[in-house]
Structures are given as structure tokens and as C-alpha cells.
$ cat upload33.cif   # mmCIF, C-alpha atoms
data_my_file
#
loop_
_atom_site.group_PDB
_atom_site.id
_atom_site.type_symbol
_atom_site.label_atom_id
_atom_site.label_comp_id
_atom_site.auth_asym_id
_atom_site.auth_seq_id
_atom_site.Cartn_x
_atom_site.Cartn_y
_atom_site.Cartn_z
ATOM 1 C CA ASP Y 80 178.859 -108.572 66.789
ATOM 2 C CA VAL Y 81 182.185 -110.361 66.214
ATOM 3 C CA ARG Y 82 184.742 -108.662 64.009
ATOM 4 C CA ARG Y 83 188.313 -109.542 63.081
ATOM 5 C CA VAL Y 84 190.623 -106.817 64.380
ATOM 6 C CA HIS Y 85 194.346 -106.330 64.065
ATOM 7 C CA PRO Y 86 196.322 -105.889 67.274
ATOM 8 C CA ASP Y 87 197.308 -102.453 66.096
ATOM 9 C CA ASP Y 88 193.767 -101.524 65.175
ATOM 10 C CA ASP Y 89 192.169 -98.850 67.265
ATOM 11 C CA ALA Y 90 189.044 -100.996 67.363
ATOM 12 C CA LEU Y 91 190.808 -103.500 69.634
ATOM 13 C CA LEU Y 92 190.173 -101.347 72.678
ATOM 14 C CA ALA Y 93 186.525 -100.967 71.740
ATOM 15 C CA ALA Y 94 186.207 -104.747 71.283
ATOM 16 C CA GLN Y 95 187.764 -105.400 74.672
ATOM 17 C CA GLN Y 96 185.404 -102.947 76.299
ATOM 18 C CA HIS Y 97 182.502 -104.664 74.521
ATOM 19 C CA VAL Y 98 183.567 -108.057 75.900
ATOM 20 C CA VAL Y 99 183.934 -106.620 79.398
ATOM 21 C CA GLY Y 100 180.445 -105.198 79.076
ATOM 22 C CA LEU Y 101 179.112 -108.622 78.100
ATOM 23 C CA ILE Y 102 180.777 -110.245 81.094
ATOM 24 C CA HIS Y 103 179.094 -107.741 83.409
ATOM 25 C CA ASN Y 104 175.777 -108.537 81.758
ATOM 26 C CA LEU Y 105 175.199 -111.553 84.011
ATOM 27 C CA ASN Y 106 171.578 -111.747 85.005
ATOM 28 C CA ALA Y 107 169.887 -114.653 86.805
ATOM 29 C CA GLY Y 108 172.815 -116.944 86.164
ATOM 30 C CA HIS Y 109 173.033 -116.479 82.383
ATOM 31 C CA LEU Y 110 175.317 -114.623 79.997
ATOM 32 C CA VAL Y 111 173.183 -112.642 77.550
ATOM 33 C CA LEU Y 112 174.443 -111.540 74.111
ATOM 34 C CA GLY Y 113 172.030 -109.212 72.411
ATOM 35 C CA GLY Y 114 169.063 -110.555 74.376
ATOM 36 C CA VAL Y 115 169.899 -114.205 73.653
ATOM 37 C CA VAL Y 116 171.075 -116.571 76.358
ATOM 38 C CA VAL Y 117 174.318 -118.087 75.112
ATOM 39 C CA ALA Y 118 176.037 -119.480 78.200
ATOM 40 C CA ASP Y 119 175.128 -120.589 81.637
ATOM 41 C CA ALA Y 120 177.043 -119.104 84.528
ATOM 42 C CA LEU Y 121 177.522 -122.539 86.078
ATOM 43 C CA ALA Y 122 180.489 -123.587 83.933
ATOM 44 C CA ALA Y 123 178.564 -124.438 80.773
ATOM 45 C CA THR Y 124 180.586 -123.992 77.555
ATOM 46 C CA ALA Y 125 179.233 -121.938 74.654
ATOM 47 C CA LEU Y 126 180.431 -122.841 71.138
ATOM 48 C CA LEU Y 127 180.346 -119.809 68.820
ATOM 49 C CA LEU Y 128 180.993 -120.194 65.083
ATOM 50 C CA GLU Y 129 181.620 -117.363 62.681
ATOM 51 C CA GLY Y 130 178.802 -116.883 60.210
ATOM 52 C CA PHE Y 131 176.110 -118.413 62.442
ATOM 53 C CA ASP Y 132 173.601 -116.429 64.454
ATOM 54 C CA HIS Y 133 173.140 -119.281 66.945
ATOM 55 C CA CYS Y 134 175.444 -120.957 69.396
ATOM 56 C CA ALA Y 135 175.681 -124.416 70.949
ATOM 57 C CA LEU Y 136 175.717 -124.965 74.710
ATOM 58 C CA ILE Y 137 177.923 -127.830 75.913
ATOM 59 C CA ASP Y 138 177.248 -129.080 79.430
ATOM 60 C CA ALA Y 139 180.837 -129.839 80.439
ATOM 61 C CA LYS Y 140 180.526 -129.093 84.148
ATOM 62 C CA GLN Y 141 181.047 -131.778 86.767
ATOM 63 C CA PHE Y 142 180.220 -131.385 90.441
ATOM 64 C CA PRO Y 143 181.569 -133.464 93.326
ATOM 65 C CA GLY Y 144 179.302 -136.407 94.107
ATOM 66 C CA ARG Y 145 179.231 -139.824 95.719
ATOM 67 C CA GLY Y 146 179.078 -143.134 93.926
ATOM 68 C CA VAL Y 147 176.002 -145.158 93.079
ATOM 69 C CA GLU Y 148 175.140 -147.399 96.015
ATOM 70 C CA GLU Y 149 172.066 -149.121 97.391
ATOM 71 C CA PRO Y 150 169.912 -146.884 99.620
ATOM 72 C CA SER Y 151 169.786 -147.897 103.260
ATOM 73 C CA ASP Y 152 165.970 -147.740 103.493
ATOM 74 C CA GLY Y 153 165.279 -149.774 100.346
ATOM 75 C CA LYS Y 154 167.443 -152.876 100.509
ATOM 76 C CA VAL Y 155 166.177 -155.918 98.612
ATOM 77 C CA LEU Y 156 167.084 -159.601 98.602
ATOM 78 C CA ARG Y 157 167.040 -159.770 94.816
ATOM 79 C CA GLY Y 158 167.352 -157.252 92.033
ATOM 80 C CA SER Y 159 169.671 -154.316 91.488
ATOM 81 C CA HIS Y 160 171.641 -152.770 94.335
ATOM 82 C CA ASP Y 161 172.116 -149.257 92.953
ATOM 83 C CA GLY Y 162 170.391 -146.060 94.017
ATOM 84 C CA PHE Y 163 169.940 -142.412 93.177
ATOM 85 C CA THR Y 164 172.497 -139.832 94.252
ATOM 86 C CA GLU Y 165 172.521 -136.058 94.698
ATOM 87 C CA THR Y 166 173.598 -135.550 91.055
ATOM 88 C CA LEU Y 167 170.672 -134.944 88.705
ATOM 89 C CA VAL Y 168 172.439 -136.039 85.521
ATOM 90 C CA GLN Y 169 173.438 -139.330 87.116
ATOM 91 C CA ASN Y 170 169.891 -139.990 88.290
ATOM 92 C CA THR Y 171 168.378 -139.414 84.864
ATOM 93 C CA ALA Y 172 171.055 -141.654 83.342
ATOM 94 C CA LEU Y 173 170.044 -144.488 85.691
ATOM 95 C CA LEU Y 174 166.453 -144.092 84.515
ATOM 96 C CA ARG Y 175 167.398 -143.887 80.820
ATOM 97 C CA ARG Y 176 169.519 -147.009 81.219
ATOM 98 C CA ARG Y 177 166.391 -148.977 82.121
ATOM 99 C CA ILE Y 178 163.945 -147.365 79.672
ATOM 100 C CA ARG Y 179 165.619 -147.233 76.263
ATOM 101 C CA THR Y 180 162.729 -145.939 74.243
ATOM 102 C CA PRO Y 181 162.281 -142.558 72.542
ATOM 103 C CA ASP Y 182 158.889 -142.427 74.241
ATOM 104 C CA LEU Y 183 160.632 -141.546 77.523
ATOM 105 C CA THR Y 184 160.604 -137.778 77.957
ATOM 106 C CA LEU Y 185 162.901 -135.925 80.359
ATOM 107 C CA GLU Y 186 161.626 -132.363 80.679
ATOM 108 C CA SER Y 187 163.978 -129.958 82.425
ATOM 109 C CA ARG Y 188 162.937 -126.820 84.287
ATOM 110 C CA LYS Y 189 164.482 -124.336 86.717
ATOM 111 C CA VAL Y 190 162.853 -123.515 90.035
ATOM 112 C CA GLY Y 191 163.914 -120.840 92.508
ATOM 113 C CA GLY Y 192 164.598 -117.213 91.771
ATOM 114 C CA ARG Y 193 168.161 -117.204 93.134
ATOM 115 C CA SER Y 194 169.134 -120.854 93.389
ATOM 116 C CA GLN Y 195 167.939 -121.748 89.846
ATOM 117 C CA THR Y 196 167.627 -125.403 90.892
ATOM 118 C CA ASP Y 197 167.222 -127.898 88.058
ATOM 119 C CA VAL Y 198 164.033 -129.970 88.110
ATOM 120 C CA VAL Y 199 163.311 -132.806 85.670
ATOM 121 C CA LEU Y 200 159.939 -134.387 84.861
ATOM 122 C CA ALA Y 201 160.254 -137.974 83.604
ATOM 123 C CA TYR Y 202 157.285 -139.648 81.912
ATOM 124 C CA LEU Y 203 156.212 -141.724 78.927
ATOM 125 C CA GLU Y 204 154.733 -139.541 76.209
ATOM 126 C CA SER Y 205 152.162 -142.157 75.187
ATOM 127 C CA LYS Y 206 150.939 -143.171 78.659
ATOM 128 C CA VAL Y 207 151.112 -140.077 80.841
ATOM 129 C CA ASP Y 208 147.964 -138.313 81.997
ATOM 130 C CA ARG Y 209 148.101 -135.066 80.033
ATOM 131 C CA GLN Y 210 145.874 -133.169 82.450
ATOM 132 C CA GLU Y 211 147.980 -134.204 85.431
ATOM 133 C CA LEU Y 212 151.144 -133.239 83.540
ATOM 134 C CA GLU Y 213 149.843 -129.786 82.624
ATOM 135 C CA THR Y 214 148.716 -129.189 86.209
ATOM 136 C CA LEU Y 215 152.157 -130.108 87.510
ATOM 137 C CA ARG Y 216 153.821 -127.823 84.966
ATOM 138 C CA ARG Y 217 151.689 -124.870 86.032
ATOM 139 C CA LYS Y 218 152.440 -125.497 89.699
ATOM 140 C CA LEU Y 219 156.182 -125.648 89.044
ATOM 141 C CA ASP Y 220 156.099 -122.431 87.028
ATOM 142 C CA ALA Y 221 154.068 -120.730 89.754
ATOM 143 C CA ILE Y 222 156.618 -121.451 92.497
ATOM 144 C CA ASP Y 223 157.794 -118.049 93.721
ATOM 145 C CA VAL Y 224 160.647 -118.700 96.134
ATOM 146 C CA GLY Y 225 164.179 -117.423 96.274
ATOM 147 C CA SER Y 226 165.805 -120.778 96.958
ATOM 148 C CA ILE Y 227 164.875 -124.438 97.362
ATOM 149 C CA ALA Y 228 166.908 -125.166 100.456
ATOM 150 C CA MET Y 229 165.187 -128.467 101.308
ATOM 151 C CA SER Y 230 165.202 -129.811 97.730
ATOM 152 C CA GLN Y 231 162.221 -132.028 96.892
ATOM 153 C CA GLU Y 232 160.417 -131.282 100.172
ATOM 154 C CA SER Y 233 160.274 -127.580 99.286
ATOM 155 C CA VAL Y 234 158.884 -128.460 95.855
ATOM 156 C CA ALA Y 235 156.306 -130.793 97.410
ATOM 157 C CA GLU Y 236 155.120 -128.127 99.844
ATOM 158 C CA ALA Y 237 154.836 -125.582 97.032
ATOM 159 C CA THR Y 238 153.019 -127.835 94.548
ATOM 160 C CA MET Y 239 150.737 -129.929 96.759
ATOM 161 C CA LYS Y 240 147.533 -128.313 98.025
ATOM 162 C CA PRO Y 241 147.555 -128.169 101.848
ATOM 163 C CA GLN Y 242 144.880 -130.337 103.458
ATOM 164 C CA TRP Y 243 144.809 -129.987 107.237
ATOM 165 C CA TYR Y 244 142.157 -132.708 107.552
ATOM 166 C CA ASN Y 245 144.270 -135.309 105.728
ATOM 167 C CA PRO Y 246 147.170 -136.549 107.886
ATOM 168 C CA PHE Y 247 148.421 -139.031 105.287
ATOM 169 C CA PRO Y 248 151.375 -138.162 103.009
ATOM 170 C CA LYS Y 249 150.474 -136.832 99.595
ATOM 171 C CA VAL Y 250 153.788 -137.581 97.873
ATOM 172 C CA ARG Y 251 155.707 -140.837 97.661
ATOM 173 C CA TYR Y 252 159.503 -140.874 97.484
ATOM 174 C CA THR Y 253 161.964 -143.489 96.364
ATOM 175 C CA GLU Y 254 165.727 -143.756 96.017
ATOM 176 C CA ARG Y 255 165.598 -146.898 93.891
ATOM 177 C CA PRO Y 256 165.870 -146.551 90.095
ATOM 178 C CA ASP Y 257 163.929 -149.772 89.505
ATOM 179 C CA ALA Y 258 160.962 -148.511 91.553
ATOM 180 C CA ALA Y 259 160.978 -145.217 89.633
ATOM 181 C CA THR Y 260 161.174 -147.147 86.363
ATOM 182 C CA ALA Y 261 158.153 -149.265 87.300
ATOM 183 C CA CYS Y 262 156.135 -146.112 88.049
ATOM 184 C CA VAL Y 263 157.099 -144.495 84.744
ATOM 185 C CA MET Y 264 156.140 -147.633 82.820
ATOM 186 C CA GLU Y 265 152.727 -147.557 84.521
ATOM 187 C CA GLY Y 266 152.088 -144.000 83.287
ATOM 188 C CA ASP Y 267 153.082 -142.048 86.401
ATOM 189 C CA ILE Y 268 155.316 -138.971 86.571
ATOM 190 C CA VAL Y 269 158.686 -139.025 88.316
ATOM 191 C CA LEU Y 270 160.027 -135.682 89.522
ATOM 192 C CA PHE Y 271 163.778 -135.300 90.054
ATOM 193 C CA VAL Y 272 165.238 -132.358 91.964
ATOM 194 C CA ASP Y 273 168.924 -131.539 91.822
ATOM 195 C CA ASN Y 274 170.880 -132.070 95.066
ATOM 196 C CA SER Y 275 168.363 -134.673 96.251
ATOM 197 C CA PRO Y 276 168.764 -138.474 96.104
ATOM 198 C CA SER Y 277 164.993 -139.024 96.329
ATOM 199 C CA ALA Y 278 162.600 -139.008 93.401
ATOM 200 C CA MET Y 279 158.984 -137.931 93.786
ATOM 201 C CA LEU Y 280 156.367 -140.335 92.376
ATOM 202 C CA LEU Y 281 153.196 -138.607 91.186
ATOM 203 C CA PRO Y 282 150.302 -139.153 91.479
ATOM 204 C CA THR Y 283 150.048 -141.424 94.492
ATOM 205 C CA SER Y 284 147.356 -143.134 96.546
ATOM 206 C CA PHE Y 285 147.129 -144.537 100.048
ATOM 207 C CA PHE Y 286 147.655 -148.153 98.970
ATOM 208 C CA ASP Y 287 150.850 -147.272 97.093
ATOM 209 C CA PHE Y 288 152.603 -146.941 100.450
ATOM 210 C CA LEU Y 289 151.962 -150.639 101.093
ATOM 211 C CA GLU Y 290 154.191 -151.669 98.184
ATOM 212 C CA GLU Y 291 157.799 -152.777 98.465
ATOM 213 C CA ALA Y 292 160.507 -153.358 95.905
ATOM 214 C CA ASN Y 293 160.693 -157.035 96.888
ATOM 215 C CA ASP Y 294 157.154 -157.546 95.568
ATOM 216 C CA TYR Y 295 158.437 -157.147 92.009
ATOM 217 C CA TYR Y 296 161.310 -159.623 92.411
ATOM 218 C CA PHE Y 297 159.359 -162.479 93.989
ATOM 219 C CA PRO Y 298 157.082 -164.770 91.938
ATOM 220 C CA PRO Y 299 153.631 -163.246 91.268
ATOM 221 C CA LEU Y 300 151.900 -165.543 93.766
ATOM 222 C CA VAL Y 301 154.337 -164.717 96.577
ATOM 223 C CA GLY Y 302 154.364 -160.981 95.817
ATOM 224 C CA THR Y 303 150.552 -160.838 95.728
ATOM 225 C CA TYR Y 304 150.326 -162.762 99.011
ATOM 226 C CA LEU Y 305 152.741 -160.395 100.754
ATOM 227 C CA ARG Y 306 150.850 -157.344 99.517
ATOM 228 C CA TYR Y 307 147.488 -158.688 100.683
ATOM 229 C CA LEU Y 308 149.090 -159.574 104.000
ATOM 230 C CA ARG Y 309 150.209 -155.968 104.505
ATOM 231 C CA VAL Y 310 146.742 -154.680 103.662
ATOM 232 C CA GLY Y 311 145.220 -157.112 106.160
ATOM 233 C CA VAL Y 312 147.618 -156.114 108.918
ATOM 234 C CA MET Y 313 146.922 -152.446 108.244
ATOM 235 C CA LEU Y 314 143.154 -152.972 108.482
ATOM 236 C CA LEU Y 315 143.524 -155.017 111.661
ATOM 237 C CA SER Y 316 145.653 -152.324 113.273
ATOM 238 C CA LEU Y 317 142.878 -149.817 112.551
ATOM 239 C CA LEU Y 318 139.982 -151.996 113.771
ATOM 240 C CA ILE Y 319 141.289 -154.102 116.654
ATOM 241 C CA THR Y 320 141.976 -151.228 119.052
ATOM 242 C CA PRO Y 321 138.520 -149.545 118.820
ATOM 243 C CA LEU Y 322 136.813 -152.961 118.899
ATOM 244 C CA TRP Y 323 138.679 -153.911 122.075
ATOM 245 C CA TYR Y 324 137.807 -150.582 123.668
ATOM 246 C CA LEU Y 325 134.114 -151.086 122.820
ATOM 247 C CA LEU Y 326 134.049 -154.556 124.403
ATOM 248 C CA VAL Y 327 135.863 -153.383 127.508
ATOM 249 C CA LYS Y 328 133.479 -150.462 128.044
ATOM 250 C CA ASP Y 329 130.430 -152.744 127.792
ATOM 251 C CA ALA Y 330 131.327 -156.057 129.412
ATOM 252 C CA GLY Y 331 127.882 -157.489 128.650
ATOM 253 C CA ARG Y 332 128.749 -157.680 124.954
ATOM 254 C CA VAL Y 333 131.867 -159.729 125.508
ATOM 255 C CA PRO Y 334 131.375 -163.358 124.380
ATOM 256 C CA GLU Y 335 132.115 -166.157 126.812
ATOM 257 C CA PHE Y 336 135.301 -167.232 125.038
ATOM 258 C CA LEU Y 337 136.613 -163.619 125.249
ATOM 259 C CA SER Y 338 135.732 -163.061 128.886
ATOM 260 C CA PHE Y 339 139.426 -162.856 129.806
ATOM 261 C CA ILE Y 340 139.714 -159.418 128.176
ATOM 262 C CA ALA Y 341 137.026 -157.910 130.419
ATOM 263 C CA PRO Y 342 138.410 -155.990 133.418
ATOM 264 C CA GLU Y 343 137.639 -157.442 136.836
ATOM 265 C CA GLU Y 344 137.305 -154.029 138.487
ATOM 266 C CA ALA Y 345 136.999 -150.460 137.276
ATOM 267 C CA GLY Y 346 140.148 -148.431 137.116
ATOM 268 C CA TYR Y 347 140.945 -144.802 136.384
ATOM 269 C CA VAL Y 348 143.932 -143.493 134.482
ATOM 270 C CA PRO Y 349 144.547 -139.710 134.705
ATOM 271 C CA LEU Y 350 144.984 -137.861 131.450
ATOM 272 C CA LEU Y 351 147.743 -135.673 132.868
ATOM 273 C CA VAL Y 352 150.437 -137.246 135.016
#
$ encode --input "upload33.cif" --output "C-alpha cells"
Amino acid sequence: DVRRVHPDDDALLAAQQHVVGLIHNLNAGHLVLGGVVVADALAATALLLEGFDHCALIDAKQFPGRGVEEPSDGKVLRGSHDGFTETLVQNTALLRRRIRTPDLTLESRKVGGRSQTDVVLAYLESKVDRQELETLRRKLDAIDVGSIAMSQESVAEATMKPQWYNPFPKVRYTERPDAATACVMEGDIVLFVDNSPSAMLLPTSFFDFLEEANDYYFPPLVGTYLRYLRVGVMLLSLLITPLWYLLVKDAGRVPEFLSFIAPEEAGYVPLLV
């Protein structure tokens, strides 16, 4: 309760003690007035007006951060040369700059009992898979850790179901705003974690790792050719080695024009040197 008091009023001391009590009422990073969160402990500004039972929170804080520059592992010959940084607000602004539609939803959450790390889900309201979105929300709310020290990797380990039989990565990362924009426009979900320059692209498949940003900046024929070429090289790398081993073990199956790959004499290589 806010009351006007005169400096000579005896109630001034009581009001000061009340304010001191409110300041000590910091719990989980928030300042609570009468059970209502009115200000964030991380330098957010609370605007209180007399006669109103609500307040406005103004995010006026600014943390040190580096400038927008092209990521070292995602350089392209054409297209934009900017990249995500460790500042969450700057990353979401780069995405909003490319998708200027009200259909783009940026859903903010806090993860971590002590760190209270900001996490943002970016998706198109009309194209997102609602079941996948609800599953991701439940997994984020169920994270019970004190701090997310490794940023997005900690979130990935806590949300993705462990599969010991699957050695392939289950989450795809990118530091390029144009790649994240393309995924959002296709109906995927982009997960931003504060203090991390990488964005998580969900859901993902095995063939998504064969894509590159250059594919979108070349003509469709050239981009399609390069993508099929990568798929072919990947399949050859998986098949050529076991096929060669099979032919070497049974020299009678080796055709005449491939006789040069057959060993002339048997040799033994120890497993432990």
C-alpha cells in the first residue's frame, strides 16, 4: 500500500520499514509486492502509478556483448554475413527483422532454479506442429537443474531422450539468422538460450545435416545438384569400405578388371600394438 506521508509524520518511519521489508523480500530473482511480481532483480525497471493495482515492467537492462559478425563455421559466398551472438534480445531481433509477420511467436521461459536462464521458443503460429510444441514446453518446464552452465547443450541433454543405440546427433545447431529463418518458415521450432550464440533447430532428421547455407543462395538447379552430390558421397563412404573388405576376404569374387585390389599374399595386422 502506497500512502502520501509528511516528513514530520510518524508514519514515515513505518513506511521506510515497509520498503526495507519489501527489498528483503527477494525470492528467486524477483521483487514481490503483496504476492505479485513487480520487478525483476536483474535491473528491470518497474513503473508504478498511483490509483492502479498493476505495474509495468520496462526491460532497460543492457549487458556487455560483442557485435554481430559472420560465424566462422558458416561462411557463405553469397547472402548475409551476420550471425547470432550471446545476447538473447539481439538474436530474437535478427529473427524478427527477417520475419515481419504477426504470425511469428516468440515465447519466453525461464529455465534453471538458480540461474533463471531465459529461453525463447520461436515459431509460426499457423504452421507449427502443435503436438511437438506442447511436448517441448512440457520438457522445458520439467527441467530440474540449479543452473544451465553449458547453455543450449544442457537444455538439449535435459529435453532429448537418451538413445545409446543411436550415435547420430539429435539436435541441429546454427549461428546463422538466415538458416534459422528458413527453418521457422518451414514450420520448425527454433530454440534460443541466453548466453549462447547457437540456436537449436527442432525437430531434425539425419538428412538435415547434409544441408548448407550456400544451397539457398545458388540457383535451384545448382543447389539441388550439390545436395544430391553430398548424399551420394555419404552413401559411398558407408558402402565402399565394407564392399572392399568383402572382396578382399574372398578373392574369387573379385572381377578381372578389379584384380589389382586383391592381396598377393596373406598378411596379419595385430589388434594391439
$ resolve_selection --input "upload33.cif" --expression "the PyMOL selection byres ((chain Y and resi 188-202) around 10)" --output "VMD selection string"
chain Y and resid 107 to 108 167 to 168 171 174 to 175 182 to 187 203 to 208 212 215 to 216 219 to 228 230 to 231 234 259 to 260 262 to 274 278 to 280
$ atom_distance --input "upload33.cif" --atom1 "atom CA of Y:Arg332" --atom2 "atom CA of Y:Leu350"
26.4 Å
$ closest_residue --input "upload33.cif" --among "Y:Gly302, Y:Glu254, Y:Glu344, Y:Met239" --to "Y:Ala330" --atoms "only C-alpha atoms"
Y:Glu344
$ atom_distance --input "upload33.cif" --atom1 "atom CA of Y:Phe297" --atom2 "atom CA of Y:Arg157"
8.2 Å
$ atom_distance --input "upload33.cif" --atom1 "atom CA of Y:Ala341" --atom2 "atom CA of Y:Val327"
5.5 Å
$ axis_aligned_box --input "upload33.cif" --around "stretch 173-191 of chain Y" --padding-each-side "5 Å" --output "JSON"
{"center_x": 164.5, "center_y": -134.9, "center_z": 82.5, "size_x": 21.2, "size_y": 38.1, "size_z": 30.0}
$ resolve_selection --input "upload33.cif" --expression "the PyMOL selection byres ((chain Y and resi 250) around 9)" --output "JSON, numbers by chain"
{"Y": [235, 239, 248, 249, 251, 252, 279, 280, 281, 282, 283, 284]}
$ decode --input "upload33.cif" --residues "stretch 162-184 of chain Y" --atoms "N, CA and C atoms" --output "PDB file, in the first residue's frame"
ATOM      1  N   GLY Y 162      25.580 -12.897 -37.840  1.00  0.00           N
ATOM      2  CA  GLY Y 162      25.398 -14.119 -37.068  1.00  0.00           C
ATOM      3  C   GLY Y 162      24.876 -13.815 -35.680  1.00  0.00           C
ATOM      4  N   PHE Y 163      24.405 -14.859 -35.011  1.00  0.00           N
ATOM      5  CA  PHE Y 163      23.905 -14.720 -33.658  1.00  0.00           C
ATOM      6  C   PHE Y 163      25.047 -14.437 -32.684  1.00  0.00           C
ATOM      7  N   THR Y 164      24.707 -13.812 -31.579  1.00  0.00           N
ATOM      8  CA  THR Y 164      25.649 -13.505 -30.522  1.00  0.00           C
ATOM      9  C   THR Y 164      25.176 -14.140 -29.213  1.00  0.00           C
ATOM     10  N   GLU Y 165      25.866 -13.814 -28.127  1.00  0.00           N
ATOM     11  CA  GLU Y 165      25.479 -14.352 -26.821  1.00  0.00           C
ATOM     12  C   GLU Y 165      24.328 -13.588 -26.180  1.00  0.00           C
ATOM     13  N   THR Y 166      23.821 -12.541 -26.816  1.00  0.00           N
ATOM     14  CA  THR Y 166      22.735 -11.736 -26.262  1.00  0.00           C
ATOM     15  C   THR Y 166      21.414 -12.216 -26.844  1.00  0.00           C
ATOM     16  N   LEU Y 167      20.488 -12.613 -25.987  1.00  0.00           N
ATOM     17  CA  LEU Y 167      19.227 -13.191 -26.442  1.00  0.00           C
ATOM     18  C   LEU Y 167      18.362 -12.172 -27.168  1.00  0.00           C
ATOM     19  N   VAL Y 168      18.288 -10.958 -26.647  1.00  0.00           N
ATOM     20  CA  VAL Y 168      17.448  -9.933 -27.267  1.00  0.00           C
ATOM     21  C   VAL Y 168      17.934  -9.607 -28.678  1.00  0.00           C
ATOM     22  N   GLN Y 169      19.240  -9.576 -28.853  1.00  0.00           N
ATOM     23  CA  GLN Y 169      19.801  -9.293 -30.169  1.00  0.00           C
ATOM     24  C   GLN Y 169      19.516 -10.428 -31.148  1.00  0.00           C
ATOM     25  N   ASN Y 170      19.538 -11.648 -30.675  1.00  0.00           N
ATOM     26  CA  ASN Y 170      19.262 -12.786 -31.548  1.00  0.00           C
ATOM     27  C   ASN Y 170      17.809 -12.807 -32.011  1.00  0.00           C
ATOM     28  N   THR Y 171      16.898 -12.539 -31.101  1.00  0.00           N
ATOM     29  CA  THR Y 171      15.484 -12.502 -31.492  1.00  0.00           C
ATOM     30  C   THR Y 171      15.191 -11.324 -32.413  1.00  0.00           C
ATOM     31  N   ALA Y 172      15.934 -10.219 -32.248  1.00  0.00           N
ATOM     32  CA  ALA Y 172      15.750  -9.083 -33.147  1.00  0.00           C
ATOM     33  C   ALA Y 172      16.216  -9.417 -34.569  1.00  0.00           C
ATOM     34  N   LEU Y 173      17.289 -10.190 -34.688  1.00  0.00           N
ATOM     35  CA  LEU Y 173      17.750 -10.610 -36.018  1.00  0.00           C
ATOM     36  C   LEU Y 173      16.722 -11.498 -36.699  1.00  0.00           C
ATOM     37  N   LEU Y 174      16.022 -12.319 -35.913  1.00  0.00           N
ATOM     38  CA  LEU Y 174      14.985 -13.172 -36.493  1.00  0.00           C
ATOM     39  C   LEU Y 174      13.752 -12.364 -36.857  1.00  0.00           C
ATOM     40  N   ARG Y 175      13.356 -11.440 -35.980  1.00  0.00           N
ATOM     41  CA  ARG Y 175      12.179 -10.590 -36.261  1.00  0.00           C
ATOM     42  C   ARG Y 175      12.438  -9.677 -37.443  1.00  0.00           C
ATOM     43  N   ARG Y 176      13.663  -9.298 -37.670  1.00  0.00           N
ATOM     44  CA  ARG Y 176      13.991  -8.435 -38.806  1.00  0.00           C
ATOM     45  C   ARG Y 176      13.717  -9.137 -40.127  1.00  0.00           C
ATOM     46  N   ARG Y 177      13.818 -10.451 -40.149  1.00  0.00           N
ATOM     47  CA  ARG Y 177      13.609 -11.212 -41.379  1.00  0.00           C
ATOM     48  C   ARG Y 177      12.189 -11.729 -41.521  1.00  0.00           C
ATOM     49  N   ILE Y 178      11.474 -11.898 -40.440  1.00  0.00           N
ATOM     50  CA  ILE Y 178      10.088 -12.381 -40.475  1.00  0.00           C
ATOM     51  C   ILE Y 178       9.212 -11.310 -39.832  1.00  0.00           C
ATOM     52  N   ARG Y 179       8.658 -10.436 -40.653  1.00  0.00           N
ATOM     53  CA  ARG Y 179       7.884  -9.304 -40.137  1.00  0.00           C
ATOM     54  C   ARG Y 179       6.389  -9.582 -40.246  1.00  0.00           C
ATOM     55  N   THR Y 180       5.979 -10.635 -39.615  1.00  0.00           N
ATOM     56  CA  THR Y 180       4.577 -11.008 -39.622  1.00  0.00           C
ATOM     57  C   THR Y 180       4.115 -11.235 -38.191  1.00  0.00           C
ATOM     58  N   PRO Y 181       2.883 -10.862 -37.869  1.00  0.00           N
ATOM     59  CA  PRO Y 181       2.376 -11.140 -36.513  1.00  0.00           C
ATOM     60  C   PRO Y 181       2.252 -12.627 -36.221  1.00  0.00           C
ATOM     61  N   ASP Y 182       2.345 -13.455 -37.266  1.00  0.00           N
ATOM     62  CA  ASP Y 182       2.247 -14.894 -37.063  1.00  0.00           C
ATOM     63  C   ASP Y 182       3.467 -15.460 -36.342  1.00  0.00           C
ATOM     64  N   LEU Y 183       4.583 -14.724 -36.362  1.00  0.00           N
ATOM     65  CA  LEU Y 183       5.787 -15.162 -35.656  1.00  0.00           C
ATOM     66  C   LEU Y 183       5.595 -14.979 -34.155  1.00  0.00           C
ATOM     67  N   THR Y 184       5.762 -16.052 -33.429  1.00  0.00           N
ATOM     68  CA  THR Y 184       5.584 -16.047 -31.973  1.00  0.00           C
ATOM     69  C   THR Y 184       6.924 -16.292 -31.299  1.00  0.00           C
TER      70      THR Y 184
END
